[in-house]
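Shown below: protein_7.cif, with mmCIF, C-alpha atoms.
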data_run
loop_
_atom_site.label_atom_id
_atom_site.label_comp_id
_atom_site.auth_asym_id
_atom_site.auth_seq_id
_atom_site.Cartn_x
_atom_site.Cartn_y
_atom_site.Cartn_z
CA MET A 1 95.70 133.72 78.32
CA ASP A 2 95.88 132.09 81.76
CA ILE A 3 99.19 130.74 83.03
CA PRO A 4 99.33 128.71 86.25
CA TYR A 5 101.65 130.09 88.91
CA GLU A 6 103.73 126.88 88.87
CA VAL A 7 104.48 127.32 85.16
CA TRP A 8 105.26 131.01 85.58
CA SER A 9 107.58 130.44 88.54
CA SER A 10 109.47 127.67 86.73
CA TRP A 11 110.77 130.26 84.26
CA GLY A 12 112.62 132.35 86.82
CA ASP A 13 112.36 136.04 87.54
CA GLY A 14 111.58 137.93 84.33
CA GLU A 15 112.89 135.26 81.96
CA LEU A 16 109.54 134.46 80.38
CA ALA A 17 108.75 138.12 79.68
CA ALA A 18 112.22 138.66 78.20
CA ARG A 19 111.90 135.62 75.95
CA VAL A 20 108.43 136.71 74.79
CA ALA A 21 109.72 140.20 73.93
CA ALA A 22 112.76 138.80 72.12
CA PHE A 23 110.66 136.31 70.14
CA ALA A 24 108.11 138.97 69.17
CA ALA A 25 110.99 141.16 67.95
CA ALA A 26 112.48 138.22 66.02
CA LEU A 27 109.13 137.58 64.32
CA ASP A 28 108.85 141.26 63.37
CA ALA A 29 112.38 141.18 61.93
CA HIS A 30 111.57 137.96 60.09
CA LYS A 31 108.85 139.77 58.13
CA GLN A 32 111.62 141.63 56.29
CA THR A 33 113.41 138.46 55.19
CA VAL A 34 113.05 136.19 52.17
CA ASN A 35 113.73 132.44 52.17
CA VAL A 36 114.77 132.50 55.84
CA PRO A 37 113.13 129.99 58.17
CA ARG A 38 110.72 131.46 60.69
CA PRO A 39 112.18 131.78 64.22
CA VAL A 40 111.18 129.03 66.63
CA GLU A 41 110.81 129.31 70.40
CA ASN A 42 109.46 127.34 73.32
CA GLY A 43 105.79 126.46 72.82
CA LEU A 44 104.59 128.62 75.71
CA VAL A 45 106.54 131.62 74.43
CA GLU A 46 105.03 131.14 70.97
CA GLN A 47 101.52 130.88 72.43
CA ILE A 48 101.95 134.09 74.41
CA VAL A 49 103.23 135.99 71.36
CA ALA A 50 100.36 134.61 69.24
CA ALA A 51 97.88 135.73 71.93
CA GLY A 52 99.20 139.30 71.78
CA GLY A 53 102.11 139.34 74.21
CA MET A 54 102.56 139.49 77.95
CA SER A 55 99.80 142.09 78.33
CA LYS A 56 97.34 139.32 77.46
CA VAL A 57 98.66 136.95 80.16
CA THR A 58 96.81 136.42 83.41
CA LEU A 59 98.92 134.83 86.11
CA LEU A 60 96.78 132.39 88.08
CA PRO A 61 97.46 132.54 91.83
CA PRO A 62 99.31 129.70 93.49
CA PRO A 63 97.08 127.09 95.04
CA GLY A 64 96.50 127.47 98.75
CA PRO A 65 97.45 124.74 101.15
CA VAL A 66 95.24 121.72 100.91
CA ALA A 67 93.76 120.82 104.26
CA GLN A 68 94.29 117.20 105.04
CA PRO A 69 91.17 115.81 106.66
CA ALA A 70 91.67 113.52 109.58
CA PRO A 71 91.01 109.86 108.90
CA PRO A 72 87.48 108.78 109.78
CA GLY A 73 86.92 107.64 113.33
CA VAL A 74 89.62 109.69 115.03
CA THR A 75 89.20 111.76 118.16
CA TYR A 76 90.75 115.20 118.23
CA LYS A 77 92.56 115.79 121.50
CA ALA A 78 90.76 119.10 121.96
CA ASP A 79 87.47 117.18 121.97
CA ILE A 80 88.76 114.90 124.74
CA TRP A 81 89.29 117.90 127.01
CA ARG A 82 85.98 119.50 126.00
CA ARG A 83 84.13 116.32 126.94
CA THR A 84 85.67 115.89 130.38
CA THR A 85 84.61 117.48 133.62
CA ASP A 86 87.22 119.43 135.58
CA ALA A 87 87.68 116.48 137.96
CA GLU A 88 88.12 114.04 135.06
CA ALA A 89 90.57 116.38 133.36
CA ASP A 90 92.67 116.62 136.53
CA VAL A 91 92.79 112.82 136.84
CA LEU A 92 93.62 112.30 133.16
CA ASP A 93 96.31 114.97 133.27
CA ALA A 94 97.91 113.15 136.21
CA VAL A 95 97.75 109.86 134.29
CA ILE A 96 99.52 111.43 131.31
CA ASP A 97 102.31 112.52 133.65
CA GLN A 98 102.68 108.95 134.98
CA VAL A 99 102.80 106.93 131.75
CA SER A 100 106.07 106.05 130.01
CA ALA A 101 107.93 108.83 128.25
CA ARG A 102 107.30 107.14 124.89
CA LEU A 103 103.55 106.95 125.43
CA ARG A 104 103.44 110.49 126.83
CA ARG A 105 105.33 111.86 123.82
CA TYR A 106 103.01 109.96 121.48
CA TYR A 107 100.00 111.55 123.16
CA GLU A 108 101.50 115.03 123.40
CA GLY A 109 102.69 115.03 119.78
CA ALA A 110 99.43 113.85 118.24
CA ALA A 111 96.71 116.22 117.04
CA TYR A 112 94.21 113.39 117.29
CA LEU A 113 93.97 109.83 118.55
CA ASP A 114 93.30 107.06 116.08
CA PRO A 115 91.79 103.84 117.47
CA ARG A 116 93.63 101.93 114.71
CA ASP A 117 96.98 102.98 116.20
CA ALA A 118 98.84 100.21 118.05
CA ASP A 119 99.28 102.40 121.15
CA PHE A 120 95.65 103.49 121.38
CA PRO A 121 94.57 100.56 123.60
CA MET A 122 97.23 101.46 126.18
CA LEU A 123 95.99 105.04 126.34
CA ARG A 124 92.36 103.94 126.50
CA ASP A 125 93.08 101.43 129.27
CA ALA A 126 95.10 103.96 131.30
CA MET A 127 92.25 106.46 130.96
CA ALA A 128 89.64 103.89 132.01
CA ALA A 129 91.71 102.79 135.03
CA ALA A 130 92.13 106.38 136.19
CA LEU A 131 88.45 107.15 135.75
CA ALA A 132 87.54 103.94 137.61
CA GLN A 133 89.40 105.26 140.66
CA LEU A 134 87.53 108.55 140.39
CA MET A 135 84.12 106.98 139.74
CA GLY A 136 84.46 103.88 141.91
CA SER A 137 83.19 101.60 139.12
CA ALA A 138 85.09 99.96 136.28
CA ALA A 139 81.92 99.55 134.21
CA ALA A 140 80.99 103.22 134.59
CA ALA A 141 84.59 104.24 133.84
CA ASN A 142 84.66 102.11 130.67
CA ALA A 143 81.41 103.68 129.47
CA ARG A 144 82.68 107.18 130.28
CA THR A 145 86.00 106.47 128.54
CA ALA A 146 84.07 105.40 125.43
CA GLN A 147 82.13 108.69 125.53
CA ILE A 148 85.27 110.77 125.95
CA LEU A 149 87.14 108.93 123.18
CA ALA A 150 84.18 108.81 120.77
CA PRO A 151 85.13 109.93 117.25
CA SER A 152 85.06 113.68 116.71
#
Translate this structure into structure tokens?
Amino acid sequence: MDIPYEVWSSWGDGELAARVAAFAAALDAHKQTVNVPRPVENGLVEQIVAAGGMSKVTLLPPPGPVAQPAPPGVTYKADIWRRTTDAEADVLDAVIDQVSARLRRYYEGAAYLDPRDADFPMLRDAMAAALAQLMGSAAAANARTAQILAPS
């Protein structure tokens, strides 16, 4: 008989096994009685006794953590740095140091950037402006920014 870990753990340490043993003993004792109602226990305890006792129980392992996939269309920050050249990375790092504390904390605290976020345009524009200084062309910088910020 399989018992999910959540059910098992809800009983407390050893309580389920103790109740199963006590109920099995009560049923054995009941066999010697006449006109006495059969003992009644929690449904799970009764099922375990009917299955043959705790030796017939298999405790299912707890579920592992469920990985939460990133929403579609986001860019992982690690991908931003993988996509940049060393010169671009130096410029972008300097830009991050110059933006407002709020925007810097938003960027530093995020695992990924989501273009649907209200602050994303400010980050994108700051990146494009910095790359324009490096590249000497706003159009080239905008295209490069789009490549760097492309969804992961």
Of the candidates A:Pro151, A:Gly136, A:Pro4, A:Pro37, which shows the shortest atom-to-atom distance to Val57 (chain A), using only C-alpha atoms?
-> A:Pro4
Which of these, A:Ala26, A:Ala110, A:Leu59, A:Arg19, has the shortest distance to Asn42 (chain A) once you count all atoms listed in the file?
-> A:Arg19
Dig up all the protein and nucleic acid residues within 10 Å of (102.6, 133.3, 86.0) in the file frame, using all atoms listed in the file, and format them as JSON, numbers by chain.
-> {"A": [2, 3, 4, 5, 6, 7, 8, 9, 10, 11, 16, 57, 58, 59, 60, 61, 62]}
From the list A:His30, A:Leu134, A:Ser55, A:Gly73, the nearest residue to Asp86 (chain A) using all atoms listed in the file is A:Leu134
What does the PyMOL selection byres ((chain A and resi 53) around 12) select in this file, as a ChimeraX atom specification?
-> /A:1,16-25,44-52,54-58
Write the residues you've just listed into a file as a compact mmCIF listing (two decimals), in the frame of the given file, and include C-alpha atoms for each of them.
# COMPACT_ATOMS: atom_id res chain seq x y z
CA MET A 1 95.70 133.72 78.32
CA LEU A 16 109.54 134.46 80.38
CA ALA A 17 108.75 138.12 79.68
CA ALA A 18 112.22 138.66 78.20
CA ARG A 19 111.90 135.62 75.95
CA VAL A 20 108.43 136.71 74.79
CA ALA A 21 109.72 140.20 73.93
CA ALA A 22 112.76 138.80 72.12
CA PHE A 23 110.66 136.31 70.14
CA ALA A 24 108.11 138.97 69.17
CA ALA A 25 110.99 141.16 67.95
CA LEU A 44 104.59 128.62 75.71
CA VAL A 45 106.54 131.62 74.43
CA GLU A 46 105.03 131.14 70.97
CA GLN A 47 101.52 130.88 72.43
CA ILE A 48 101.95 134.09 74.41
CA VAL A 49 103.23 135.99 71.36
CA ALA A 50 100.36 134.61 69.24
CA ALA A 51 97.88 135.73 71.93
CA GLY A 52 99.20 139.30 71.78
CA MET A 54 102.56 139.49 77.95
CA SER A 55 99.80 142.09 78.33
CA LYS A 56 97.34 139.32 77.46
CA VAL A 57 98.66 136.95 80.16
CA THR A 58 96.81 136.42 83.41
Using the chain letters and residue numbers of this document, give as an MDAnalysis selection string the residues selected by the PyMOL selection byres ((chain A and resi 79) around 10).
-> chainID A and resid 75:78 80:84 112 148:152
Would you save the residues from that selection as an mmCIF file, keeping the file's coordinate frame, using C-alpha atoms?
data_model
loop_
_atom_site.group_PDB
_atom_site.id
_atom_site.type_symbol
_atom_site.label_atom_id
_atom_site.label_comp_id
_atom_site.auth_asym_id
_atom_site.auth_seq_id
_atom_site.Cartn_x
_atom_site.Cartn_y
_atom_site.Cartn_z
ATOM 1 C CA THR A 75 89.200 111.760 118.160
ATOM 2 C CA TYR A 76 90.750 115.200 118.230
ATOM 3 C CA LYS A 77 92.560 115.790 121.500
ATOM 4 C CA ALA A 78 90.760 119.100 121.960
ATOM 5 C CA ILE A 80 88.760 114.900 124.740
ATOM 6 C CA TRP A 81 89.290 117.900 127.010
ATOM 7 C CA ARG A 82 85.980 119.500 126.000
ATOM 8 C CA ARG A 83 84.130 116.320 126.940
ATOM 9 C CA THR A 84 85.670 115.890 130.380
ATOM 10 C CA TYR A 112 94.210 113.390 117.290
ATOM 11 C CA ILE A 148 85.270 110.770 125.950
ATOM 12 C CA LEU A 149 87.140 108.930 123.180
ATOM 13 C CA ALA A 150 84.180 108.810 120.770
ATOM 14 C CA PRO A 151 85.130 109.930 117.250
ATOM 15 C CA SER A 152 85.060 113.680 116.710
#
